[in-house]
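Engineer: Attaching a single structure in structure tokens format; questions to follow.
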Amino acid sequence: NWSGSLIVASLIGAFGSSFLYGYNLSVVNAPAVYIKKFYNETWERRYGFSVDESTLTLLWSITVSIFAIGGLVGAIIVTPVVKFFGRKCTLLLNNVFAVTAALLMSLSLLAGSFEMLILGRIIMGIDAGISLSALPMYLSEISPKEIRGSLGQVTAIFICIGVFTGQVLGLPEIFGQESRWPYLFGAIIVPSLIQAVILPFLPESPRYLLLEKHNTSEAEKAFQRFLGKDDVSHEIEEVLAESRVQRNTKLVSILQLLRTRAVRWQVVTVVVTMGCYQLCGLNAIWYYTNNIFSEAGINHETIPYVTLSTGAVETLAAVFSGLVIERLGRRPLLIGGFGLMIVFFSVLTASLTLQENVHWLPYLSIFCILAIIASFCIGPGGIPFVLTGEFFQQSQRPAAFMIAGTVNWLSNFAVGLLFPFIQAGLQTYCFLVFAGICLAGAAYLFFVLPETKNKTFHEISQAFAKRNKVTLEMQEMNHYPGERKSSAEQESDFTSSMDNGETKKGIV
């Protein structure tokens, strides 16, 4: 099932997309001291006096958090972009944002302009917002249902690899020095250029070509390339079965999707999983890591190297999830991941509270940090993106990813904004808040989420039909109102188009 084209498409697509998202999450940590010094020197050169501490803190906070604002913009514009350009071309064009951002950020020190760095961060956020919707959409549409979950986990794996790469390149021996920190941002160009060179030689999503562009011959060729075989009649029949439901595939708007009763619980489930993805406390873990390592007696100069263990554990856990997701399923990994996070958050709270009285408890805190990261990456770290691609029909998918992306980035921004206040008010007990969020998410998924492993998009819609209190026929009419051709008529249209080698709009 893993053809060469499928492997290359997933690896190159993720390397130029989700890898950069993960990289930009961690890349600002190592040079933070040097960047603040650059801000102060620039301010003093312009105005003749040093910037006050509160203004410097504000500038740095804007630099870090504006990435999420850019991500929100990218999530909002992704629907019209993927509709007009397609999935693959959207990933290609998105590299313009990445290269532009890399040039702005890497040249900011030379130009003496911290505004360039801030502008680059928001443009890089737009790139991330588009890629975290377009990439899972592309991967879900090019993969056979038997490996759709594993292929979808490539997104999460490369996010983790990106975080780890940012940590490695930020070491003092590489780019973590005052004179070299701009290279950390210039390195963003490399994955973007590699994707821009290789991705054009791979096909567009065959489902997009058939259901939205009505290009039968190109869809057939795309299936043959991605599946590595000449006979793709079974796969085309699966898509045709969906096309029988969809007489005219017209992309629905967000408002239409929210008002569609037949997908009500799918939308709610996506909102819950994406909200918990950001609100479950992993960002808080990154905030506490250096402090906990210091409390454990680790030398300050050694902490950056020990921190690499968190990135390594994150990557290994994501790879493990990708290997077992098609055997265990989405549901056990997602609920189990949240469940383990509840346990380790509770232990971490007790350990941090009592560590001044028991000398060995700081080491338990370190273990809990690594265990929470691993638990997150096993399920909650990647499966929400997979589910968003599986829950919705072709015409609904862009709007669904836009909703998921909006929730994702708003939650990301909320954590960055509110966590310092939560931490100041609750101290070490702040992790109980995240344990409560994980508990609520796990409980919801236990009662609502069906297993989607090895199911077609049509079968997943059937699984939700009863909960949405609609019959399958009502669901189809609700999705695609208007007069519909009979199955026989549509199959006749499809066969005729295949025989003549022509593209006909009457196929779907």
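Convention: chains lettered A, B, ... in structure tokens order; per-chain residue numbering from 1; ligands numbered from 1 as shown.
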Using only C-alpha atoms, which protein or nucleic acid residues come within 9 Å of Phe226 (chain A)? Drop anything in the same chain fewer than 2 positions from it, and give the result as a ChimeraX atom specification.
Structural biologist: /A:1-7,9,142-143,202-203,221-224,228-229
Engineer: Can you check which residues of region 238-391 of chain A DSSP gives as alpha helix (DSSP H) on the backbone and send them as a PyMOL selection string?
Structural biologist: chain A and resi 238-245+254-259+264-279+282-295+303-328+330-354+361-378+383-391
Engineer: What is the CA of Thr353 (chain A)-CA of Gly337 (chain A) distance in Å, reported with one decimal?
Structural biologist: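 The value is 24.2 Å.
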Engineer: Of the residues A:Lys466, A:Arg121, A:Arg259, A:Arg46, which is the one nearest to Leu20 (chain A), using only C-alpha atoms?
Structural biologist: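 Answer, going by the shortest atom-to-atom distance: A:Arg121.
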Engineer: Restricting the calculation to only C-alpha atoms: of A:Gly70, A:Pro398, A:Gly389, A:Gly339, which residue gets closest to Ala371 (chain A)?
Structural biologist: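 Once distances to Ala371 (chain A) are computed over only C-alpha atoms, the minimum belongs to A:Gly339.
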Engineer: Which is closest to Phe447 (chain A) among A:Asn94, A:Asn40, A:Thr269, A:Gln167, if we use only C-alpha atoms?
Structural biologist: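 The answer is A:Thr269, which sits nearest to Phe447 (chain A).
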Engineer: When you count only C-alpha atoms, which of these residues is closest to Glu141 (chain A): A:Ser346, A:Ser18, A:Gln195, A:Ser205?
Structural biologist: A:Ser205
Engineer: Check the smallest atom-to-atom distance from each of A:Tyr47, A:Tyr363, A:Phe293, A:Phe97 to Ile189 (chain A) using only C-alpha atoms, then report the winner.
Structural biologist: A:Phe97
Engineer: At what distance in Å, to one decimal, does CA of Ile325 (chain A) lie from CA of Asn454 (chain A)?
Structural biologist: 10.6 Å
Engineer: Contacts of Leu104 (chain A) at 7 Å or less, counting only C-alpha atoms, minus same-chain residues fewer than 4 places along, as a count of residues only?
Structural biologist: 5
Engineer: Can you check which parts of region 304-386 of chain A lie within 10 Å of region 147-151 of chain A? Per residue, the shortest pair of atoms and distance in Å to one decimal, counting only C-alpha atoms, sorted by chain and number, as CSV.
Structural biologist:
residue,atom,partner,partner_atom,distance
A:Val319,CA,A:Ser150,CA,9.3
A:Ser321,CA,A:Ser150,CA,8.0
A:Gly322,CA,A:Ser150,CA,4.7
A:Leu323,CA,A:Ser150,CA,6.5
A:Val324,CA,A:Ser150,CA,7.8
A:Ile325,CA,A:Ser150,CA,6.1
A:Glu326,CA,A:Gly149,CA,6.2
A:Arg327,CA,A:Ser150,CA,9.8
A:Gly329,CA,A:Gly149,CA,8.2
A:Arg330,CA,A:Gly149,CA,7.7
A:Gly382,CA,A:Gly149,CA,9.6
A:Ile383,CA,A:Gly149,CA,7.9
A:Phe385,CA,A:Gly149,CA,9.7
A:Val386,CA,A:Gly149,CA,6.3
Engineer: Determine, counting only C-alpha atoms, which protein, DNA and RNA residues have an atom within 9 Å of an atom of Ile66 (chain A); residues of the same chain fewer than 3 positions away are not included. Present the result as a list in words.
Structural biologist: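 My reading of the contact set: Ser61, Ile62, Thr63, Ile69, Gly70, Gly71, Ile118, Leu119, Arg121, Ile122, Gly125 and Phe413 of chain A.
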Engineer: Determine, counting only C-alpha atoms, which protein, DNA and RNA residues have an atom within 12 Å of an atom of Phe344 (chain A); residues of the same chain fewer than 5 positions away are not included. Present the result as a PyMOL selection string.
Structural biologist: chain A and resi 281+285+337-339+349-352+364-376+431-432+434-435+438
Engineer: When distances are computed from only C-alpha atoms, which of A:Trp43, A:Ala32, A:Ser395, A:Val163 shows the smallest separation from Thr310 (chain A)?
Structural biologist: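 Of the candidates, the smallest distance to Thr310 (chain A) is held by A:Val163.
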Engineer: Write out as a compact mmCIF listing (two decimals) with N, CA and C atoms, in the first residue's frame each polymer residue whose atoms come within 12 Å of Leu109 (chain A), counting only C-alpha atoms; drop sequence neighbours fewer than 2 positions from it.
Structural biologist:
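Dumped to part.txt:
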# COMPACT_ATOMS: atom_id res chain seq x y z
N TYR A 34 19.63 36.91 23.33
CA TYR A 34 20.31 37.71 22.31
C TYR A 34 19.33 38.59 21.54
N ILE A 35 18.13 38.08 21.30
CA ILE A 35 17.13 38.87 20.57
C ILE A 35 16.68 40.06 21.42
N LYS A 36 16.50 39.84 22.72
CA LYS A 36 16.13 40.96 23.60
C LYS A 36 17.24 42.01 23.65
N LYS A 37 18.48 41.56 23.64
CA LYS A 37 19.61 42.50 23.60
C LYS A 37 19.60 43.30 22.31
N PHE A 38 19.27 42.62 21.19
CA PHE A 38 19.16 43.29 19.89
C PHE A 38 18.05 44.34 19.92
N TYR A 39 16.94 44.01 20.54
CA TYR A 39 15.84 44.97 20.67
C TYR A 39 16.29 46.21 21.44
N GLU A 41 19.39 47.35 21.96
CA GLU A 41 20.39 48.13 21.24
C GLU A 41 19.76 48.94 20.11
N THR A 42 18.79 48.34 19.42
CA THR A 42 18.11 49.05 18.34
C THR A 42 17.34 50.24 18.88
N LEU A 103 13.56 35.40 5.07
CA LEU A 103 14.41 36.53 4.67
C LEU A 103 14.26 37.70 5.62
N LEU A 104 13.01 38.01 5.99
CA LEU A 104 12.77 39.13 6.91
C LEU A 104 13.44 38.90 8.26
N MET A 105 13.25 37.70 8.83
CA MET A 105 13.76 37.42 10.17
C MET A 105 15.28 37.30 10.18
N SER A 106 15.85 36.66 9.18
CA SER A 106 17.29 36.45 9.17
C SER A 106 18.07 37.73 8.86
N LEU A 107 17.46 38.68 8.18
CA LEU A 107 18.13 39.93 7.83
C LEU A 107 17.82 41.07 8.81
N ALA A 111 19.81 44.62 9.19
CA ALA A 111 19.10 45.86 8.87
C ALA A 111 18.86 46.72 10.10
N GLY A 112 19.08 46.16 11.28
CA GLY A 112 18.83 46.91 12.51
C GLY A 112 17.36 47.22 12.73
N SER A 113 16.50 46.29 12.39
CA SER A 113 15.05 46.51 12.49
C SER A 113 14.39 45.31 13.16
N PHE A 114 13.96 45.49 14.42
CA PHE A 114 13.25 44.40 15.08
C PHE A 114 11.84 44.22 14.52
N GLU A 115 11.32 45.27 13.83
CA GLU A 115 10.01 45.16 13.19
C GLU A 115 10.02 44.07 12.12
N MET A 116 11.17 43.89 11.45
CA MET A 116 11.28 42.84 10.43
C MET A 116 11.11 41.46 11.05
N LEU A 117 11.67 41.29 12.26
CA LEU A 117 11.54 40.00 12.94
C LEU A 117 10.09 39.73 13.32
N GLU A 178 25.37 34.74 19.96
CA GLU A 178 24.88 36.08 19.67
C GLU A 178 25.07 36.47 18.20
N SER A 179 26.17 36.04 17.59
CA SER A 179 26.44 36.42 16.21
C SER A 179 25.74 35.52 15.19
N ARG A 180 25.21 34.38 15.65
CA ARG A 180 24.68 33.40 14.71
C ARG A 180 23.17 33.21 14.76
N TRP A 181 22.48 33.85 15.71
CA TRP A 181 21.05 33.55 15.85
C TRP A 181 20.23 33.85 14.60
N PRO A 182 20.61 34.82 13.74
CA PRO A 182 19.81 34.99 12.51
C PRO A 182 19.79 33.75 11.61
N TYR A 183 20.85 32.92 11.69
CA TYR A 183 20.88 31.71 10.87
C TYR A 183 19.78 30.72 11.26
N PHE A 185 16.76 31.43 11.80
CA PHE A 185 15.57 31.78 11.02
C PHE A 185 15.83 31.63 9.52
N GLY A 186 17.07 31.85 9.10
CA GLY A 186 17.40 31.63 7.69
C GLY A 186 17.29 30.19 7.26
Engineer: State, in Å with one decimal place, the distance from CA of Leu282 (chain A) to CA of Pro450 (chain A).
Structural biologist: 25.6 Å
